[in-house]
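Participant: The structure is given below, and queries will be raised subsequently.
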Amino acid sequence: MIQAVSISTLNNQQYIQELESDENFLVQECVRQSRLAQKILYEHNYAKLLGTCLRYCENQAEAEDILHDCFIKIFKVISKFNGTARLSTWLTRLVINEVLMYLRKKKRLPKQTEFDPTTVDLPEISDEELEPYTSNEVFDLIRKLPLGYKEVLCLFSIDGYSHKEIAKALNIAESSSRSQLSRARKILKDKLKIKEVNNA
């Protein structure tokens, strides 16, 4: 005997499918403070946003604490999402801003420092140079960069910020952003060479 499925169950399943397939509907329902919509947004974005936090934080526990606060902020301001960018992009930007504010309060962001770009070697890191390493190995080396260099490298190379945006976010000059990125790339390239020699 086939068990009857209630209309409410079917409606709930359809509601979930719509939440998972329609980004705008998901946002609208989060604005209406639907617990189910908030749960789906949280579960679908948690891993990626935690990875974003980890790029800037010292450890997993700190990243998780910040992300918890970020989600509280997300659900408070989700009505400001206007659909001009993908939801995941908007969430990532919001999380990065929150992380940078947290680090600024902890006085762990670099103070403005001017470097002479003409004295900086500008080696590019090619795909061939990165090929022997896993993404986790490269990420671990990035996390060990000096603080200011790490933030600029992550913001520019991974999160797609312009030097103008980085300068504003970190309260430094655009020339500092460019030179710190160059230094970060050089240090990272040197670390990759050392790792390659040690693994040989």
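Chains: A, B, ... in order of the structure tokens. Residues: from 1 per chain. Ligands: from 1, in order shown.
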Skip Val99 in chain A itself and residues of its chain fewer than 2 positions away, then list as a VMD selection string all residues within 9 Å of it, counting only C-alpha atoms.

Facilitator: chain A and resid 53 56 to 57 63 66 to 67 70 94 to 97 101 to 104

Participant: Restricting the calculation to only C-alpha atoms: of A:Leu87, A:Ile166, A:Leu188, A:Cys154, which residue gets closest to Glu23 in chain A?

Facilitator: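 Between A:Leu87, A:Ile166, A:Leu188, A:Cys154, the residue approaching Glu23 in chain A most closely is A:Leu87.
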
Participant: Can you tell me, as a PyMOL selection string, what residues are no more than 12 Å from Leu19 in chain A when counting only C-alpha atoms, ignoring any on the same chain fewer than 2 positions away?

Facilitator: chain A and resi 12-17+21-30+34-41+44

Participant: Could you tell me how far CA of Asp140 in chain A lies from CA of Gln180 in chain A, in Å and to one decimal?

Facilitator: 18.7 Å

Participant: Closest to Ile78 in chain A among A:Asn59, A:Lys48, A:Val31, A:Lys191, using only C-alpha atoms?

Facilitator: A:Val31

Participant: Could you check how far CA of Phe71 in chain A sits from CA of Leu100 in chain A, in Å to one decimal?

Facilitator: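 CA of Leu100 in chain A lies at a distance of 15.4 Å from CA of Phe71 in chain A.
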
Participant: Taking only C-alpha atoms into account, name the residue in A:Gln33, A:Ser162, A:Ser157, A:Gln60 that is nearest to Arg185 in chain A.

Facilitator: A:Ser157

Participant: So that I can check the surroundings of Val152 in chain A, please list as a list in words every protein, DNA and RNA residue that reaches within 9 Å of it, counting only C-alpha atoms and ignoring chain neighbours fewer than 5 positions away.

Facilitator: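 Result of the neighbour search: Leu147, Ser157, Tyr161, His163, Ile166, Leu170, Ser177, Arg178, Gln180, Leu181 and Ala184 of chain A.
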